[in-house]
Amino acid sequence: MSDVALPASLATAPAKERAGHGEALAAWLLTLPAIVAFVLMLLIPTLAVVAIAFTDYELGAPALRYVGLANFAELMEDRGFVTSFRNTAFFVAVTTPVSIVGGLMLALLIEGGTRGRAFFRAVFFLPVVSLMVAMATAFQYMFHPTIGPVNAALRALGIVGPNWLGSSDSVMWTLAIIGVWEQVGFNMVLFLAGLTAISRDLYAAAEVDGVRSAWSRFWTVTWPLLGPTSLFVLTITMIRSLRVFDIVATLTQGGPNKASEVLLYTMYTEGFTFFRMGYSAAITVVFLLAVVVLMLLQTRVLDRRVHYG
Amino acid sequence: MAGIVLDRIEKAFGETRVLKGVSLGFDAGAFVSLVGPSGCGKTTLLRIIAGLERADAGMVSIAGRDVTGLRAADRDVAMVFQNYALYPHMTVEQNMALPLVMRRLSAVERAPFLGRLVSGTGERRTAIKAEVAEAAKLLSIGHLMERRPGQLSGGQRQRVALGRAIVRHPKAFLMDEPLSNLDAALRHDMRRELVDLHKRVGVTTVYVTHDQAEAMTMSDRVAVMLGGNVLQFGSPREVYEQPATIEVAKFIGSPRINILPGEAGAEGRISVVGAATDAVAPRTTGKLDIGIRPEHLVIADDGLAIIVRHVEFLGSEVLVYARDTSGGDHLTVRLDPQAWERAASHETLTVAPQPGKLLAFDAAGNRVGLISTETAAQVQAHVPSRRVPRYV
């Protein structure tokens, strides 16, 4: 581009070197607090969890023994864990696409609407700010097989509603519905932010260029320009879904008959109910690996196909 | 004819009346500028021609067809935006091809995989590719086809936007300040290129700008807009030499025209700041505003005494910013360097208007026709009434 005027002292080599050392030292000093915090709060605990995963440590036990991959071998054999893994995958697979598409559609409707925009934005964002622990009672009542309004409504239509949270066939679906309810508003807000960033002129240009229908307008302008937003929403939604815990802990406790066990809930019961810290840590390692794999997949595969401004 | 006709266009945004009954008409193939300060309604008028905005009242016709009720996609016009409005996720080639793709291929044929199955899609895609390549050649951007807008400079983006406009041979080009995001040197070059392009393609062009120099140098005709009205519509020379109102005179021309207090005395004889001139305003008396372009003031023995405040030497000319000694009015004088060198003093000057170059405006701001004293005398002697005076 253009030449930059440098102070004369920087232009000579030895002075430059000295300045370089000073600068490097200052840089390390300034990053030191962050490095210390990172090592103490994140790196050491994570490494400790990974280390514990290779031991038979139990909370309060006087000693621990290195057991190698025994915990992981046990995981593979453990029917409870396999169910829990499968349930978590199911939960992620259902809530992620539904809450992303739902969030996008809500955002498009609100953006395209003329009246009550603030009202609808607030209504759909409400689940994000409400506490799941507090909402659990409401859902317990809503999905109650006999007195719940959901089944009452179905009865009015002549349909016999399922025992939503009480039957092992329907419990994961019910939790997924609640998961979508919880996440869709958050995704909607993210998409709304993404939509407002798209230049009005692009829509005008598309109109002049002969893009007639709302459908082709969406695929020509909106969707490609929402790319970075969508990638972020996908990442955050998958990780939030993977971390599902509070709805299980408050509504089903993994039941009925372990039909709604999920990774974090299994980890929690193994660690804090049965005090098998080594085994619990092994589940955490599996959980962390799942997160890392998802992140890699997104950054390596999708990021290349997304256009940034 | 059959260019663009606008008939009594009105538009209001809420309480604000942006356009107050604008009528304009010009031939096919013309290069017309809408020029005015920001907020004068020129961009709104352009968007109404494009169909991106709907007029509250009035009629728009393009190439002999009433398009008032048609949406932008059906009007067969192309638009170039100030920020280019290129699709950032598409290559240059895809950007330029989009108007053709949208018009010639059906929704199914456009679909990523399905399209290949429909017979004839391939040939049509090839034809589009060839036309895009031709337009790209015209703008010398053939080597950029595979790049994305983010990888281009401002000037290159500008060309791509132009390419997207010319590729489908529309009935009209609508340009909304297309050069204002470019640096000064590039803007200057692009002006000439746009004029060249217009000559070669010959499509009716409406060009919105707030830069009067752009409007003056590029257009066949200039519409000067102010406060939602077109004050004057004429050739660049007309709006410069014969401005309809004092606002037009002030807006067109750089440096700005000098406006001095004047008066029409007995028999309409004009005097400026007390000094008599050889101009006559027939059938007019009383106070007038007199406009004198900076280049129409010359150093004279007798005339207006001014104190020099600031001098700009521009090589080919010298701009003298001064104040007149009696009234304190600010004045700009444009002199050639030799005249400036010859001046007796560089602190004070005596200047007088060139004969026949005065512009007079009445209290309402409308221009009053002036004739020379000789013509006035002749008119008086030979044809005492009803003869249209020759304006000078």
# chains A, B, ... in the order shown; residues from 1 in each chain; ligands from 1
$ closest_atom_pairs --of "chain B" --to "chain A" --cutoff "8 Å" --atoms "only C-alpha atoms" --output "Markdown table"
| residue | atom | partner | partner_atom | distance |
| --- | --- | --- | --- | --- |
| B:Ala50 | CA | A:Val208 | CA | 7.5 |
| B:Leu52 | CA | A:Ala204 | CA | 6.7 |
| B:Ala72 | CA | A:Val208 | CA | 5.3 |
| B:Ala73 | CA | A:Gly210 | CA | 4.4 |
| B:Asp74 | CA | A:Gly210 | CA | 7.3 |
| B:Asp76 | CA | A:Val208 | CA | 7.9 |
| B:Val77 | CA | A:Val208 | CA | 6.9 |
| B:Ala78 | CA | A:Val208 | CA | 6.2 |
| B:Met79 | CA | A:Val208 | CA | 6.9 |
| B:Phe81 | CA | A:Asp201 | CA | 7.4 |
| B:Ala85 | CA | A:Leu202 | CA | 5.1 |
| B:Leu86 | CA | A:Leu202 | CA | 7.0 |
| B:Tyr87 | CA | A:Leu202 | CA | 7.1 |
| B:Pro88 | CA | A:Gly309 | CA | 6.7 |
| B:His89 | CA | A:His307 | CA | 5.7 |
| B:Leu98 | CA | A:Asp209 | CA | 6.9 |
| B:Pro99 | CA | A:Asp209 | CA | 4.5 |
| B:Met102 | CA | A:Gly210 | CA | 5.7 |
| B:Arg103 | CA | A:Gly210 | CA | 6.4 |
| B:Gly150 | CA | A:Gly309 | CA | 7.2 |
$ select_by_dssp --residues "stretch 122-369 of chain B" --states "strand (DSSP E)" --output "PyMOL selection string"
chain B and resi 172-176+204-209+221-226+229-234+258-264+269-272+275-280+286-292+297-313+318-324+330-335+348-353+359-361+367-368
$ residues_around --residues "stretch 235-245 of chain B" --least-positions-apart "5" --cutoff "7 Å" --atoms "only C-alpha atoms" --output "MDAnalysis selection string"
chainID B and resid 216 220:222 252:253 365:367
$ residues_around --residues "B:Leu349" --least-positions-apart "6" --cutoff "10 Å" --atoms "only C-alpha atoms" --output "list in words"
Val298, Ile299, Ala300, Asp301, Gly303, Leu304, Ala305, Ile306, Ile307, Val308, Val320, Ala322, Asp324, Trp340 and Ala343 of chain B
$ write_last_selection --atoms "N, CA and C atoms" --output "mmCIF file, in the first residue's frame"
data_model
loop_
_atom_site.group_PDB
_atom_site.id
_atom_site.type_symbol
_atom_site.label_atom_id
_atom_site.label_comp_id
_atom_site.auth_asym_id
_atom_site.auth_seq_id
_atom_site.Cartn_x
_atom_site.Cartn_y
_atom_site.Cartn_z
ATOM 1 N N VAL B 298 -13.475 41.416 -14.569
ATOM 2 C CA VAL B 298 -12.134 41.719 -15.081
ATOM 3 C C VAL B 298 -11.580 42.937 -14.352
ATOM 4 N N ILE B 299 -10.249 43.029 -14.333
ATOM 5 C CA ILE B 299 -9.620 44.196 -13.713
ATOM 6 C C ILE B 299 -9.866 45.403 -14.611
ATOM 7 N N ALA B 300 -10.346 46.486 -14.014
ATOM 8 C CA ALA B 300 -10.709 47.668 -14.810
ATOM 9 C C ALA B 300 -10.252 48.928 -14.084
ATOM 10 N N ASP B 301 -10.273 50.020 -14.790
ATOM 11 C CA ASP B 301 -9.896 51.298 -14.168
ATOM 12 C C ASP B 301 -11.024 51.802 -13.283
ATOM 13 N N GLY B 303 -14.806 50.882 -11.494
ATOM 14 C CA GLY B 303 -15.719 49.799 -11.112
ATOM 15 C C GLY B 303 -15.748 49.595 -9.620
ATOM 16 N N LEU B 304 -15.760 48.338 -9.232
ATOM 17 C CA LEU B 304 -15.918 47.966 -7.840
ATOM 18 C C LEU B 304 -14.542 47.800 -7.189
ATOM 19 N N ALA B 305 -14.304 48.540 -6.108
ATOM 20 C CA ALA B 305 -13.029 48.397 -5.399
ATOM 21 C C ALA B 305 -13.136 47.243 -4.418
ATOM 22 N N ILE B 306 -12.156 46.332 -4.472
ATOM 23 C CA ILE B 306 -12.199 45.174 -3.572
ATOM 24 C C ILE B 306 -10.872 45.009 -2.840
ATOM 25 N N ILE B 307 -10.957 44.422 -1.644
ATOM 26 C CA ILE B 307 -9.756 44.141 -0.856
ATOM 27 C C ILE B 307 -9.484 42.643 -0.971
ATOM 28 N N VAL B 308 -8.270 42.283 -1.387
ATOM 29 C CA VAL B 308 -7.919 40.875 -1.557
ATOM 30 C C VAL B 308 -7.717 40.237 -0.186
ATOM 31 N N VAL B 320 -9.123 34.763 -6.863
ATOM 32 C CA VAL B 320 -8.936 35.814 -5.876
ATOM 33 C C VAL B 320 -10.202 35.908 -5.038
ATOM 34 N N ALA B 322 -12.114 37.986 -2.275
ATOM 35 C CA ALA B 322 -11.989 39.373 -1.844
ATOM 36 C C ALA B 322 -13.280 39.858 -1.208
ATOM 37 N N ASP B 324 -15.720 43.530 -1.016
ATOM 38 C CA ASP B 324 -15.793 44.863 -1.613
ATOM 39 C C ASP B 324 -15.718 45.915 -0.513
ATOM 40 N N TRP B 340 -3.330 38.697 -13.516
ATOM 41 C CA TRP B 340 -2.991 38.839 -12.100
ATOM 42 C C TRP B 340 -1.616 39.469 -11.951
ATOM 43 N N ALA B 343 -1.623 43.208 -12.582
ATOM 44 C CA ALA B 343 -2.392 44.061 -11.678
ATOM 45 C C ALA B 343 -1.468 45.011 -10.925
#
$ atom_distance --atom1 "atom CA of B:Met96" --atom2 "atom CA of B:Val160"
7.0 Å
$ residues_around --residues "stretch 292-296 of chain A" --least-positions-apart "5" --cutoff "12 Å" --atoms "only C-alpha atoms" --output "short mmCIF file (atom, residue, chain, number, x, y, z; two decimals) with C-alpha atoms, in the first residue's frame"
data_model
loop_
_atom_site.label_atom_id
_atom_site.label_comp_id
_atom_site.auth_asym_id
_atom_site.auth_seq_id
_atom_site.Cartn_x
_atom_site.Cartn_y
_atom_site.Cartn_z
CA ALA A 89 -26.92 -37.98 19.79
CA VAL A 92 -28.62 -33.13 19.19
CA LEU A 231 -22.27 -21.31 10.92
CA PHE A 232 -22.09 -19.67 14.31
CA LEU A 234 -24.98 -24.24 14.07
CA THR A 235 -21.90 -24.44 16.29
CA ILE A 236 -23.50 -22.89 19.32
CA THR A 237 -26.73 -24.90 18.97
CA MET A 238 -24.93 -28.24 18.65
CA ILE A 239 -22.79 -27.54 21.69
CA ARG A 240 -25.77 -26.33 23.72
CA SER A 241 -27.70 -29.46 22.70
CA LEU A 242 -24.78 -31.69 23.54
CA VAL A 285 -13.35 -37.15 28.14
CA VAL A 286 -15.79 -38.74 25.68
CA PHE A 287 -17.96 -35.63 25.94
CA VAL A 301 -15.38 -28.34 6.38
CA LEU A 302 -18.01 -25.63 6.57
CA ASP A 303 -15.90 -22.58 7.19
#
$ select_by_dssp --residues "stretch 142-177 of chain B" --states "helix (DSSP H, G or I)" --output "list in words"
Gly142, His143, Leu144, Pro149, Gly150, Gln151, Gly154, Gly155, Gln156, Arg157, Gln158, Arg159, Val160, Ala161, Leu162, Gly163, Arg164, Ala165 and Ile166 of chain B
$ write_last_selection --atoms "C-alpha atoms" --output "tab-separated table (two decimals), in the first residue's frame"
chain	number	residue	atom	x	y	z
B	142	GLY	CA	-12.14	-10.24	-18.57
B	143	HIS	CA	-9.24	-11.27	-16.35
B	144	LEU	CA	-11.29	-10.83	-13.16
B	149	PRO	CA	-16.06	-8.73	-5.17
B	150	GLY	CA	-14.11	-8.76	-1.90
B	151	GLN	CA	-10.89	-9.31	-3.86
B	154	GLY	CA	-13.18	0.05	-5.81
B	155	GLY	CA	-12.70	0.85	-9.48
B	156	GLN	CA	-12.89	-2.80	-10.48
B	157	ARG	CA	-16.06	-3.30	-8.46
B	158	GLN	CA	-17.50	-0.28	-10.20
B	159	ARG	CA	-16.82	-1.89	-13.57
B	160	VAL	CA	-18.38	-5.16	-12.50
B	161	ALA	CA	-21.50	-3.26	-11.39
B	162	LEU	CA	-21.57	-1.56	-14.78
B	163	GLY	CA	-21.05	-4.91	-16.47
B	164	ARG	CA	-24.00	-6.38	-14.62
B	165	ALA	CA	-26.05	-3.43	-15.88
B	166	ILE	CA	-25.08	-3.52	-19.56
$ residues_around --residues "A:Val233" --least-positions-apart "3" --cutoff "8 Å" --atoms "only C-alpha atoms" --output "compact mmCIF listing (two decimals) with N, CA and C atoms, in the first residue's frame"
# COMPACT_ATOMS: atom_id res chain seq x y z
N ILE A 100 -32.78 -24.50 14.50
CA ILE A 100 -32.14 -23.57 13.56
C ILE A 100 -33.13 -23.14 12.49
N ASN A 187 -31.66 -18.67 18.79
CA ASN A 187 -31.26 -18.70 17.38
C ASN A 187 -31.94 -17.60 16.59
N LEU A 190 -30.12 -14.37 17.07
CA LEU A 190 -28.87 -14.35 16.29
C LEU A 190 -29.16 -14.11 14.81
N THR A 229 -23.41 -16.14 10.02
CA THR A 229 -24.35 -16.24 11.14
C THR A 229 -24.78 -17.69 11.31
N SER A 230 -25.14 -18.34 10.19
CA SER A 230 -25.65 -19.72 10.28
C SER A 230 -24.59 -20.66 10.83
N ILE A 236 -23.03 -23.16 17.96
CA ILE A 236 -23.50 -22.89 19.32
C ILE A 236 -24.69 -23.79 19.67
N THR A 237 -25.56 -24.07 18.68
CA THR A 237 -26.73 -24.90 18.97
C THR A 237 -26.31 -26.34 19.23
$ residues_around --residues "B:Gln212" --least-positions-apart "4" --cutoff "12 Å" --atoms "only C-alpha atoms" --output "NGL selection string"
:B and (33-37 or 177 or 207-208 or 216-219 or 222-225 or 236 or 239-240 or 248-256)
